[in-house]
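Written below as structure tokens is the structure these notes are about.
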Amino acid sequence: MDKIKKLDEMYGRYLDISGITNKRLDIAYGHASERNKLDIYYPEDYDPDKRYPAILFFHGGAFIKGDKQRYQLLGALQGIYRGYAVVSANYRFITTDPFPSCVEDAYGVSRFLKERGGLYHLDTDQMAVWGESAGAVLALAVGFSQEDSAADAKIRFKAVVDWYGSDPRRRGIGMEIHPDSPALLIQHGTLDEFVPLTDSLQIKEEYEKQGNPQKVEMDVLDGFHHGVGEFCTDQNIDRIFGFLDKHVKNKR
């Protein structure tokens with residue numbers, strides 16, 4: 001199948017979120033574009049007097065397609081059944097706003113949540129960032145940010161989940177990795193037809209050299225392709241949330 005046609009197939013379907021009662025949609029986190037919006041989904045037993053550990057999710061789509069409500073959110077959205085709030089953010093596409101506008105938007109989301117997350121009942125001291133494909137590049141960028149803004153003006157994420165993202169350094173995005181960096185889980189399929197497995201191996205190697213090797217985990221999934229469908233088995237979702245529970249909840 002032509003890669004562009006596969007992108008259309010992978011990133012063209014929306015989730016049915018009508019059954020999720022506790023949610024806030026289309027919150028503006030910036031003003032550079034109509035795409036500077038995010039959604040927040042809360043646990044089923046939502047209590048407005050609580051602040052919830054949260055997952056920030058960035059969708060994929062080669063920086064040219066995708067949406068915060070499309071089906072690639074499916075895996076991360078399971079967090080609402082496991083005690084997490086889930087934040088799903090759009091960002092500008094390179095077809096209309098040249099790179100690195102999408103990276104700037106990802107940083108903008110982090111700053112917005114740091115400043116206003118409490119108003120939306122998020123515990124910004126207990127947050128993870130998760131991305132798939134192009135969104136994983138953004139997750140790695142904000143999770144291991146070298147942005148010049150003051151450290152207290154952005155989220156200090158506890159964990160990063162990288163679903164088959166390319167190495168940000170190939171796009172000129174630096175990654176600041178040190179022993180206190182967020183824990184990192186990388187998952188990549190052996191049959192990925194978009195992003196070479198070597199990218200994920202290089203990220204893992206860099207983390208092991210510069211960070212705490214005990215905080216990086218990588219699953220090479222035999223026979224898996226590129227796209228969230230194969231990654232959303234009950235077994236794999238349990239594996240990911242086991243990792244997140246270990247590194248995010250009650251970690252100060």
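Residues in the structure tokens are named by chain (A, B, ... in the order shown) and by number from 1 within that chain; ligands are numbered from 1 in the order shown.
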
(request) Please provide as a ChimeraX atom specification all residues within 12 Å of Gly211 of chain A, with the sequence filter that same-chain residues fewer than 5 positions apart are discarded (counting only C-alpha atoms). (result) /A:144,175-184,203-206,216

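Within the 9 Å cut-off around Gly30 of chain A, using only C-alpha atoms and omitting residues fewer than 4 positions from it on the same chain, the listed residues are Glu34, Arg35, Asn36, Lys37, Asp105, Gly108, Val109 and Phe112 of chain A.
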
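Atom CA of Gly75 of chain A to atom CA of Asp49 of chain A spans 26.7 Å [interatomic distance, one decimal].
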
(request) Return the single residue from A:His59, A:Leu119, A:Tyr41, A:Gly135 that is closest to Gly83 of chain A, with distances computed using only C-alpha atoms. (result) A:Tyr41

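The residue that comes closest to Gly19 of chain A, out of A:Glu44, A:Tyr84, A:Tyr107, A:Ile173 and on the basis of only C-alpha atoms, is A:Glu44.
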
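Reported to one decimal place, the separation of atom CA of Ser133 of chain A from atom CA of Tyr71 of chain A is 13.4 Å.
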